Amino acid sequence: MLYELRVYDLVYDNRMGMHDKFENYTVPIFKKHGFKVIGFWETMIGANYPQLTYILQWKDLAERQQKFTAFFADPEWIEACRIMDPKGPYIEKIHSSIMFPTKYSPMQ
């Protein structure tokens, strides 16, 4: 198994818009394409507050590529990306890491 850690540094004044987009568009489209979501978190205290962090689980890199390709080509996602928030952008920066568990990790 592989795990993908995705961290979005959010625009403070528009962070709720990002949560709305995830709840109403991103998560349903993830489900539609069979993404395995471990969880979502918002940073309460930290150097880069506010942040949205989530972890995805993959069998391998090929599965990740196949599912993200389908996700980005999905007409619902393309339409969701066209919706412009009057407050402006949601995200300042995205960080992504692909991780695999060590042999002593309880999560394999």
# chains A, B, ... in the order shown; residues from 1 in each chain; ligands from 1
>>> residues_around(residues="His19 in chain A", least_positions_apart="5", cutoff="10 Å", atoms="only C-alpha atoms", output="PyMOL selection string")
chain A and resi 14+24-26+42+52+90
>>> write_last_selection(atoms="N, CA and C atoms", output="PDB file, in the first residue's frame")
ATOM      1  N   ASN A  14     -10.979  32.792   2.768  1.00  0.00           N
ATOM      2  CA  ASN A  14     -11.834  31.996   1.897  1.00  0.00           C
ATOM      3  C   ASN A  14     -11.715  30.494   2.190  1.00  0.00           C
ATOM      4  N   ASN A  24     -19.116  19.367  -1.346  1.00  0.00           N
ATOM      5  CA  ASN A  24     -20.151  19.282  -2.372  1.00  0.00           C
ATOM      6  C   ASN A  24     -19.682  18.759  -3.725  1.00  0.00           C
ATOM      7  N   TYR A  25     -18.394  18.815  -4.001  1.00  0.00           N
ATOM      8  CA  TYR A  25     -17.896  18.395  -5.311  1.00  0.00           C
ATOM      9  C   TYR A  25     -16.793  17.334  -5.206  1.00  0.00           C
ATOM     10  N   THR A  26     -15.696  17.683  -4.550  1.00  0.00           N
ATOM     11  CA  THR A  26     -14.521  16.819  -4.550  1.00  0.00           C
ATOM     12  C   THR A  26     -14.815  15.452  -3.955  1.00  0.00           C
ATOM     13  N   GLU A  42      -8.493  19.806   9.320  1.00  0.00           N
ATOM     14  CA  GLU A  42      -8.114  21.213   9.196  1.00  0.00           C
ATOM     15  C   GLU A  42      -7.188  21.543  10.351  1.00  0.00           C
ATOM     16  N   LEU A  52      -5.789  22.550   4.977  1.00  0.00           N
ATOM     17  CA  LEU A  52      -6.629  21.377   4.827  1.00  0.00           C
ATOM     18  C   LEU A  52      -5.674  20.242   4.494  1.00  0.00           C
ATOM     19  N   TYR A  90      -9.009  29.831  -3.230  1.00  0.00           N
ATOM     20  CA  TYR A  90      -9.061  29.120  -1.943  1.00  0.00           C
ATOM     21  C   TYR A  90      -7.674  28.732  -1.450  1.00  0.00           C
TER      22      TYR A  90
END
>>> residues_around(residues="Tyr49 in chain A", least_positions_apart="6", cutoff="12 Å", atoms="only C-alpha atoms", output="VMD selection string")
chain A and resid 7 to 13 15 41 to 43 91 to 93
>>> write_last_selection(atoms="N, CA and C atoms", output="tab-separated table (two decimals), in the first residue's frame")
chain	number	residue	atom	x	y	z
A	7	VAL	N	-1.54	18.38	1.48
A	7	VAL	CA	-1.71	19.51	2.40
A	7	VAL	C	-1.93	20.77	1.56
A	8	TYR	N	-3.05	21.44	1.81
A	8	TYR	CA	-3.38	22.66	1.10
A	8	TYR	C	-3.25	23.84	2.07
A	9	ASP	N	-2.35	24.77	1.76
A	9	ASP	CA	-2.29	26.02	2.51
A	9	ASP	C	-3.42	26.88	1.97
A	10	LEU	N	-4.36	27.22	2.83
A	10	LEU	CA	-5.58	27.90	2.41
A	10	LEU	C	-5.48	29.41	2.57
A	11	VAL	N	-6.23	30.12	1.75
A	11	VAL	CA	-6.40	31.56	1.91
A	11	VAL	C	-7.35	31.74	3.09
A	12	TYR	N	-6.88	32.42	4.13
A	12	TYR	CA	-7.64	32.51	5.38
A	12	TYR	C	-9.06	33.00	5.16
A	13	ASP	N	-9.23	34.08	4.44
A	13	ASP	CA	-10.56	34.67	4.27
A	13	ASP	C	-11.49	33.84	3.41
A	15	ARG	N	-11.25	30.15	3.37
A	15	ARG	CA	-11.07	28.73	3.68
A	15	ARG	C	-12.40	27.97	3.73
A	41	TRP	N	-8.55	16.69	7.57
A	41	TRP	CA	-8.32	17.46	8.78
A	41	TRP	C	-8.08	18.91	8.42
A	42	GLU	N	-8.49	19.81	9.32
A	42	GLU	CA	-8.11	21.21	9.20
A	42	GLU	C	-7.19	21.54	10.35
A	43	THR	N	-6.08	22.18	10.06
A	43	THR	CA	-5.12	22.57	11.08
A	43	THR	C	-5.74	23.66	11.95
A	91	ILE	N	-6.78	28.46	-2.38
A	91	ILE	CA	-5.52	27.79	-2.06
A	91	ILE	C	-4.33	28.69	-2.39
A	92	GLU	N	-3.39	28.74	-1.46
A	92	GLU	CA	-2.13	29.43	-1.71
A	92	GLU	C	-1.08	28.48	-2.25
A	93	LYS	N	-1.05	27.25	-1.72
A	93	LYS	CA	-0.01	26.29	-2.11
A	93	LYS	C	-0.48	24.88	-1.77
>>> select_by_dssp(residues="chain A", states="strand (DSSP E or B)", output="VMD selection string")
chain A and resid 2 to 10 36 to 42 51 to 58 91 to 99
>>> residues_around(residues="Met1 in chain A", least_positions_apart="5", cutoff="8 Å", atoms="only C-alpha atoms", output="list in words")
Gln57, Trp58, Lys59, Asp60, Phe100, Pro101 and Gln108 of chain A
>>> select_by_dssp(residues="range 20-96 of chain A", states="helix (DSSP H, G or I)", output="ChimeraX atom specification")
/A:20-32,61-73,75-82
>>> closest_residue(among="A:Met16, A:Thr102, A:Val27, A:Pro86", to="Gln51 in chain A", atoms="only C-alpha atoms")
A:Met16
>>> closest_residue(among="A:Ala47, A:Lys32, A:Asp74, A:Tyr54", to="Ile94 in chain A", atoms="only C-alpha atoms")
A:Tyr54
>>> atom_distance(atom1="CA of Gly39 in chain A", atom2="CA of Met99 in chain A")
15.4 Å
>>> closest_residue(among="A:Met84, A:Met44, A:Met107, A:Leu56", to="Arg6 in chain A", atoms="only C-alpha atoms")
A:Leu56
>>> atom_distance(atom1="CA of Ile98 in chain A", atom2="CA of Ala73 in chain A")
22.0 Å
>>> atom_distance(atom1="CA of Phe40 in chain A", atom2="CA of Lys67 in chain A")
18.7 Å
>>> closest_residue(among="A:His95, A:Lys21, A:Arg64, A:Lys87", to="Tyr3 in chain A", atoms="only C-alpha atoms")
A:Arg64
>>> closest_residue(among="A:Ile38, A:Leu5, A:Met18, A:Ile29", to="Phe71 in chain A", atoms="only C-alpha atoms")
A:Ile29
